[in-house]
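Visitor: Hey, dropping work29.pdb in here, PDB, C-alpha atoms (C1' of nucleotides):
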```
ATOM      1  CA  MET A   1     -10.336 -47.969 -42.152
ATOM      2  CA  PRO A   2     -10.689 -51.769 -41.845
ATOM      3  CA  VAL A   3     -11.029 -52.919 -38.289
ATOM      4  CA  LEU A   4      -7.815 -54.956 -38.249
ATOM      5  CA  GLU A   5      -5.858 -51.881 -39.299
ATOM      6  CA  ALA A   6      -7.684 -49.555 -36.956
ATOM      7  CA  ALA A   7      -7.328 -51.709 -33.822
ATOM      8  CA  PRO A   8      -3.553 -51.321 -33.360
ATOM      9  CA  ARG A   9      -3.911 -47.593 -34.081
ATOM     10  CA  LEU A  10      -6.000 -47.269 -30.935
ATOM     11  CA  LEU A  11      -3.075 -48.431 -28.822
ATOM     12  CA  ASP A  12      -1.417 -45.497 -27.054
ATOM     13  CA  ALA A  13      -4.422 -43.344 -27.942
ATOM     14  CA  MET A  14      -5.832 -40.981 -25.314
ATOM     15  CA  PHE A  15      -9.454 -41.526 -24.316
ATOM     16  CA  THR A  16     -11.178 -39.033 -22.043
ATOM     17  CA  HIS A  17     -14.563 -39.620 -20.401
ATOM     18  CA  GLY A  18     -16.200 -38.661 -17.145
ATOM     19  CA  GLY A  19     -13.229 -36.621 -15.954
ATOM     20  CA  VAL A  20     -10.682 -39.394 -16.438
ATOM     21  CA  THR A  21      -8.121 -39.747 -19.236
ATOM     22  CA  LEU A  22      -6.797 -43.147 -20.227
ATOM     23  CA  ARG A  23      -3.889 -44.256 -22.391
ATOM     24  CA  LEU A  24      -5.182 -47.379 -24.133
ATOM     25  CA  THR A  25      -2.908 -50.412 -23.862
ATOM     26  CA  GLU A  26      -5.080 -53.346 -24.987
ATOM     27  CA  VAL A  27      -7.902 -53.759 -27.525
ATOM     28  CA  GLU A  28      -9.734 -56.508 -29.403
ATOM     29  CA  ALA A  29     -11.185 -56.417 -32.924
ATOM     30  CA  TYR A  30     -14.667 -57.712 -33.792
ATOM     31  CA  ASP A  31     -15.851 -57.968 -37.380
ATOM     32  CA  GLY A  32     -19.552 -58.722 -37.501
ATOM     33  CA  ALA A  33     -19.561 -59.523 -41.200
ATOM     34  CA  ASP A  34     -18.073 -62.980 -40.708
ATOM     35  CA  ASP A  35     -17.161 -63.248 -37.040
ATOM     36  CA  PRO A  36     -18.966 -65.828 -34.869
ATOM     37  CA  GLY A  37     -17.514 -64.132 -31.785
ATOM     38  CA  SER A  38     -19.209 -60.825 -32.460
ATOM     39  CA  HIS A  39     -22.557 -59.689 -31.085
ATOM     40  CA  ALA A  40     -23.339 -58.528 -34.616
ATOM     41  CA  HIS A  41     -22.898 -61.952 -36.193
ATOM     42  CA  ARG A  42     -26.621 -62.709 -36.169
ATOM     43  CA  GLY A  43     -27.570 -59.401 -37.690
ATOM     44  CA  ARG A  44     -28.724 -56.061 -36.433
ATOM     45  CA  THR A  45     -30.633 -55.945 -33.144
ATOM     46  CA  GLU A  46     -31.689 -53.236 -30.748
ATOM     47  CA  ARG A  47     -28.625 -53.891 -28.613
ATOM     48  CA  ASN A  48     -25.910 -53.842 -31.276
ATOM     49  CA  LYS A  49     -27.298 -51.216 -33.660
ATOM     50  CA  VAL A  50     -24.453 -48.791 -32.897
ATOM     51  CA  MET A  51     -21.986 -51.219 -34.493
ATOM     52  CA  PHE A  52     -23.932 -50.911 -37.737
ATOM     53  CA  GLY A  53     -23.779 -47.136 -37.611
ATOM     54  CA  PRO A  54     -21.024 -44.713 -38.630
ATOM     55  CA  PRO A  55     -17.471 -45.115 -37.255
ATOM     56  CA  GLY A  56     -16.194 -43.331 -34.188
ATOM     57  CA  HIS A  57     -19.135 -43.980 -31.894
ATOM     58  CA  LEU A  58     -19.282 -45.836 -28.594
ATOM     59  CA  TYR A  59     -21.001 -49.234 -28.411
ATOM     60  CA  VAL A  60     -21.753 -50.051 -24.762
ATOM     61  CA  TYR A  61     -23.256 -53.327 -23.596
ATOM     62  CA  PHE A  62     -24.092 -54.805 -20.215
ATOM     63  CA  THR A  63     -23.013 -58.324 -19.335
ATOM     64  CA  TYR A  64     -22.914 -60.847 -16.497
ATOM     65  CA  GLY A  65     -25.551 -58.806 -14.702
ATOM     66  CA  MET A  66     -23.030 -56.308 -13.398
ATOM     67  CA  HIS A  67     -20.463 -55.104 -15.909
ATOM     68  CA  HIS A  68     -20.385 -52.739 -18.832
ATOM     69  CA  CYS A  69     -17.947 -53.076 -21.739
ATOM     70  CA  CYS A  70     -17.327 -50.459 -24.394
ATOM     71  CA  ASN A  71     -16.275 -50.572 -28.043
ATOM     72  CA  VAL A  72     -15.437 -48.068 -30.736
ATOM     73  CA  SER A  73     -17.479 -48.606 -33.877
ATOM     74  CA  CYS A  74     -15.333 -48.855 -36.952
ATOM     75  CA  GLY A  75     -15.265 -49.173 -40.690
ATOM     76  CA  PRO A  76     -17.797 -47.880 -43.206
ATOM     77  CA  GLU A  77     -21.428 -47.610 -42.128
ATOM     78  CA  GLY A  78     -23.110 -50.993 -42.359
ATOM     79  CA  SER A  79     -19.980 -53.062 -41.740
ATOM     80  CA  ALA A  80     -20.856 -53.794 -38.070
ATOM     81  CA  SER A  81     -17.252 -53.894 -36.935
ATOM     82  CA  ALA A  82     -16.050 -52.619 -33.592
ATOM     83  CA  ILE A  83     -13.023 -52.541 -31.320
ATOM     84  CA  LEU A  84     -13.348 -53.543 -27.671
ATOM     85  CA  LEU A  85     -11.340 -51.408 -25.261
ATOM     86  CA  ARG A  86      -9.848 -53.952 -22.854
ATOM     87  CA  ALA A  87      -7.315 -52.066 -20.751
ATOM     88  CA  GLY A  88      -5.552 -48.764 -20.241
ATOM     89  CA  GLU A  89      -3.423 -46.651 -17.943
ATOM     90  CA  VAL A  90      -4.981 -43.731 -16.080
ATOM     91  CA  VAL A  91      -2.983 -40.616 -16.966
ATOM     92  CA  ASP A  92      -5.356 -37.898 -15.746
ATOM     93  CA  GLY A  93      -8.215 -37.661 -13.269
ATOM     94  CA  LEU A  94      -6.560 -40.163 -10.951
ATOM     95  CA  ASP A  95      -8.543 -39.005  -7.916
ATOM     96  CA  VAL A  96     -11.858 -39.547  -9.685
ATOM     97  CA  ALA A  97     -10.690 -42.914 -11.011
ATOM     98  CA  ARG A  98      -9.646 -44.064  -7.525
ATOM     99  CA  SER A  99     -12.963 -43.008  -6.055
ATOM    100  CA  ARG A 100     -14.800 -45.147  -8.616
ATOM    101  CA  ARG A 101     -12.679 -48.217  -7.758
ATOM    102  CA  PRO A 102     -11.712 -47.660  -4.108
ATOM    103  CA  ASN A 103     -10.010 -50.981  -3.425
ATOM    104  CA  SER A 104      -7.893 -51.111  -6.544
ATOM    105  CA  SER A 105      -4.203 -50.396  -7.005
ATOM    106  CA  ASP A 106      -3.466 -47.699  -9.572
ATOM    107  CA  ARG A 107      -2.162 -50.292 -11.987
ATOM    108  CA  ASP A 108      -5.395 -52.309 -11.849
ATOM    109  CA  LEU A 109      -7.759 -49.335 -12.206
ATOM    110  CA  ALA A 110      -8.506 -50.003 -15.895
ATOM    111  CA  ARG A 111      -6.926 -53.426 -16.303
ATOM    112  CA  GLY A 112      -9.832 -55.269 -17.942
ATOM    113  CA  PRO A 113     -12.867 -54.220 -19.999
ATOM    114  CA  GLY A 114     -15.352 -54.075 -17.115
ATOM    115  CA  ARG A 115     -12.921 -52.168 -14.906
ATOM    116  CA  LEU A 116     -12.122 -49.756 -17.728
ATOM    117  CA  CYS A 117     -15.760 -48.743 -18.084
ATOM    118  CA  LYS A 118     -16.102 -48.424 -14.349
ATOM    119  CA  VAL A 119     -13.252 -45.921 -13.905
ATOM    120  CA  LEU A 120     -14.443 -43.867 -16.861
ATOM    121  CA  GLY A 121     -17.997 -43.834 -15.547
ATOM    122  CA  ILE A 122     -19.345 -45.425 -18.731
ATOM    123  CA  ASP A 123     -22.749 -47.110 -18.707
ATOM    124  CA  SER A 124     -25.637 -47.828 -21.066
ATOM    125  CA  GLY A 125     -26.461 -44.126 -21.222
ATOM    126  CA  ASP A 126     -23.264 -43.578 -23.196
ATOM    127  CA  ASP A 127     -24.264 -46.028 -25.938
ATOM    128  CA  GLY A 128     -23.927 -44.337 -29.312
ATOM    129  CA  LEU A 129     -21.789 -41.479 -27.995
ATOM    130  CA  ASP A 130     -19.814 -39.549 -30.613
ATOM    131  CA  LEU A 131     -16.114 -39.944 -29.804
ATOM    132  CA  ARG A 132     -14.821 -37.139 -31.997
ATOM    133  CA  GLU A 133     -14.079 -34.941 -28.992
ATOM    134  CA  SER A 134     -12.872 -37.599 -26.566
ATOM    135  CA  LEU A 135     -10.569 -39.930 -28.497
ATOM    136  CA  ARG A 136      -7.121 -38.804 -29.652
ATOM    137  CA  LEU A 137      -5.005 -41.188 -31.704
ATOM    138  CA  GLY A 138      -1.250 -41.328 -31.196
ATOM    139  CA  ARG A 139       1.470 -42.322 -33.596
ATOM    140  CA  PRO A 140       1.640 -45.962 -34.788
ATOM    141  CA  LEU A 141       3.680 -48.068 -32.367
ATOM    142  CA  ASP A 142       6.422 -50.570 -32.986
ATOM    143  CA  GLU A 143       5.918 -52.474 -29.736
ATOM    144  CA  VAL A 144       2.617 -54.195 -30.528
ATOM    145  CA  SER A 145       1.828 -57.835 -29.742
ATOM    146  CA  THR A 146      -1.099 -59.867 -31.048
ATOM    147  CA  GLY A 147      -2.812 -62.981 -29.787
ATOM    148  CA  PRO A 148      -6.107 -64.817 -29.296
ATOM    149  CA  ARG A 149      -9.138 -62.997 -27.958
ATOM    150  CA  VAL A 150     -10.287 -63.484 -24.389
ATOM    151  CA  GLY A 151     -13.435 -64.963 -22.900
ATOM    152  CA  LEU A 152     -15.219 -66.019 -26.077
ATOM    153  CA  ARG A 153     -16.709 -69.401 -26.719
ATOM    154  CA  LEU A 154     -16.612 -69.015 -30.481
ATOM    155  CA  ALA A 155     -13.713 -68.068 -32.749
ATOM    156  CA  ALA A 156     -11.526 -67.119 -29.789
ATOM    157  CA  ASP A 157      -8.511 -68.365 -31.684
ATOM    158  CA  ARG A 158      -8.481 -65.522 -34.166
ATOM    159  CA  PRO A 159      -5.412 -63.391 -33.280
ATOM    160  CA  TRP A 160      -7.397 -60.194 -33.079
ATOM    161  CA  ARG A 161      -6.281 -59.027 -29.664
ATOM    162  CA  PHE A 162      -3.689 -56.270 -29.728
ATOM    163  CA  TRP A 163      -1.662 -54.922 -26.835
ATOM    164  CA  ILE A 164       1.414 -52.826 -26.107
ATOM    165  CA  THR A 165       4.253 -55.245 -25.530
ATOM    166  CA  SER A 166       5.311 -55.559 -21.895
ATOM    167  CA  ASP A 167       2.928 -52.872 -20.645
ATOM    168  CA  PRO A 168       2.026 -53.589 -16.997
ATOM    169  CA  THR A 169      -1.594 -52.464 -17.374
ATOM    170  CA  VAL A 170      -2.413 -55.111 -19.996
ATOM    171  CA  SER A 171      -4.855 -57.647 -18.564
ATOM    172  CA  ARG A 172      -3.313 -61.003 -17.718
ATOM    173  CA  TYR A 173      -6.263 -63.188 -18.576
ATOM    174  CA  VAL A 174      -4.195 -64.494 -21.456
ATOM    175  CA  SER A 175      -4.984 -68.156 -20.961
ATOM    176  CA  ALA A 176      -8.742 -68.365 -21.315
ATOM    177  CA  LYS A 177     -10.516 -70.030 -18.432
ATOM    178  CA  PRO A 178     -11.974 -73.336 -19.603
ATOM    179  CA  ARG A 179     -15.738 -73.253 -19.638
ATOM    180  CA  THR A 180     -17.663 -75.997 -17.936
ATOM    181  CA  ARG A 181     -19.622 -78.020 -20.416
TER     182      ARG A 181
ATOM    183  C1'  DG B   1     -44.008 -65.271 -22.026
ATOM    184  C1'  DT B   2     -40.023 -68.026 -20.920
ATOM    185  C1'  DG B   3     -35.212 -69.715 -20.606
ATOM    186  C1'  DG B   4     -30.301 -69.969 -21.407
ATOM    187  C1'  DG B   5     -26.097 -67.770 -21.689
ATOM    188  C1'  DG B   6     -22.787 -64.079 -21.605
ATOM    189  C1'  DA B   7     -16.455 -59.875 -25.194
ATOM    190  C1'  DT B   8     -16.312 -60.320 -16.320
ATOM    191  C1'  DT B   9     -14.808 -59.415 -11.627
ATOM    192  C1'  DT B  10     -14.162 -60.520  -6.996
ATOM    193  C1'  DA B  11     -13.732 -63.156  -2.940
ATOM    194  C1'  DC B  12     -12.866 -67.239  -0.783
ATOM    195  C1'  DT B  13     -10.591 -72.009   0.098
TER     196       DT B  13
ATOM    197  C1'  DG C   1      -8.002 -72.960  -8.196
ATOM    198  C1'  DT C   2     -13.163 -72.457  -8.044
ATOM    199  C1'  DA C   3     -17.596 -70.175  -7.210
ATOM    200  C1'  DA C   4     -20.845 -66.710  -6.742
ATOM    201  C1'  DA C   5     -22.879 -62.475  -8.059
ATOM    202  C1'  DT C   6     -26.723 -60.828 -11.101
ATOM    203  C1'  DC C   7     -29.705 -59.096 -15.154
ATOM    204  C1'  DC C   8     -30.334 -57.876 -19.838
ATOM    205  C1'  DC C   9     -30.803 -59.536 -24.356
ATOM    206  C1'  DC C  10     -32.123 -62.589 -27.790
ATOM    207  C1'  DA C  11     -34.252 -66.763 -29.730
ATOM    208  C1'  DC C  12     -37.981 -69.534 -29.705
ATOM    209  C1'  DA C  13     -42.677 -71.062 -28.506
TER     210       DA C  13
END
```
Turn this file's structure into structure tokens for me.
Guide:
Amino acid sequence: MPVLEAAPRLLDAMFTHGGVTLRLTEVEAYDGADDPGSHAHRGRTERNKVMFGPPGHLYVYFTYGMHHCCNVSCGPEGSASAILLRAGEVVDGLDVARSRRPNSSDRDLARGPGRLCKVLGIDSGDDGLDLRESLRLGRPLDEVSTGPRVGLRLAADRPWRFWITSDPTVSRYVSAKPRTR
DNA sequence: GTGGGGATTTACT
DNA sequence: GTAAATCCCCACA
């Protein structure tokens, strides 16, 4: 399935990892074939090799010296496309989730890509994980919004961010912070 | 071997 | 609003 079709299908999907279940509310599509914003744009490397592999696997990367972000690889093998999981609502394993982010309100537990990985207990060791057992798609939604991607320097204007309209757990970093130059 | 930058979060003023 | 935290990866020499 092409990444731009698959991304909205992940909304409202159930993702279980590390004893916590999340209902996904916000994702972003990355298409390495012709996408300057993707890690895969400059070809296959040791870090992004999972994106070049078969669909349905977890691509985990470490950034800013302290955060992990996770993606679902997508499309036919070799296409290097992936979908970043940006936010979700904790629907099971709330006690575990709270213990991983002690000073957070329930609503903010997985509100952002770094936070999402934290509450699920995802780190580099989960890179390449097969998601067959842990990701359950829901029915296609009507209430889906799209808009520009967040936090990228390049090609941030492509409307490849998808979220569930009006959902309170969607991250509010809508207006990208201007980068100093 | 080295250097610049990053798909972010948090705290502080 | 702005700044600091913090380290791995990749490109280049």
Visitor: For atom CA of Gly53 of chain A and atom CA of Asp130 of chain A, determine how far apart the two atoms are, in Å to one decimal place.
Guide: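 Between these atoms lies a distance of 11.1 Å.
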Visitor: Would you kindly report the residues of chain A within 10 Å of chain C, using all atoms listed in the file, as a PyMOL selection string?
Guide: chain A and resi 45-47+61-67
Visitor: Kindly determine which residues of chain A lie within 9 Å of chain B, considering all atoms listed in the file, and give the answer as number ranges by chain.
Guide: A: 28, 37-39, 63-64, 66-69, 84, 112-115, 149-152
Visitor: Distance atom CA of Asp167 of chain A-atom CA of Leu129 of chain A, one decimal place?
Guide: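 Here the two named atoms are 28.2 Å from each other.
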Visitor: Taking into account only C-alpha atoms, which residue in the set A:Val27, A:Leu85, A:Leu154, A:Val170 is nearest to Pro8 of chain A?
Guide: A:Val27
Visitor: With a distance cut-off of 9 Å and all atoms listed in the file, select the neighbouring residues of segment 54-59 of chain A, excluding the residue or stretch itself and same-chain residues fewer than 4 positions from it, and output the selection as a tab-separated table (two decimals) with C-alpha atoms, in the coordinates of the input.
Guide:
```
chain	number	residue	atom	x	y	z
A	47	ARG	CA	-28.62	-53.89	-28.61
A	48	ASN	CA	-25.91	-53.84	-31.28
A	49	LYS	CA	-27.30	-51.22	-33.66
A	50	VAL	CA	-24.45	-48.79	-32.90
A	69	CYS	CA	-17.95	-53.08	-21.74
A	70	CYS	CA	-17.33	-50.46	-24.39
A	71	ASN	CA	-16.27	-50.57	-28.04
A	72	VAL	CA	-15.44	-48.07	-30.74
A	73	SER	CA	-17.48	-48.61	-33.88
A	74	CYS	CA	-15.33	-48.86	-36.95
A	75	GLY	CA	-15.26	-49.17	-40.69
A	76	PRO	CA	-17.80	-47.88	-43.21
A	77	GLU	CA	-21.43	-47.61	-42.13
A	78	GLY	CA	-23.11	-50.99	-42.36
A	79	SER	CA	-19.98	-53.06	-41.74
A	81	SER	CA	-17.25	-53.89	-36.94
A	82	ALA	CA	-16.05	-52.62	-33.59
A	84	LEU	CA	-13.35	-53.54	-27.67
A	124	SER	CA	-25.64	-47.83	-21.07
A	126	ASP	CA	-23.26	-43.58	-23.20
A	127	ASP	CA	-24.26	-46.03	-25.94
A	128	GLY	CA	-23.93	-44.34	-29.31
A	129	LEU	CA	-21.79	-41.48	-28.00
A	130	ASP	CA	-19.81	-39.55	-30.61
A	131	LEU	CA	-16.11	-39.94	-29.80
A	132	ARG	CA	-14.82	-37.14	-32.00
A	135	LEU	CA	-10.57	-39.93	-28.50
```
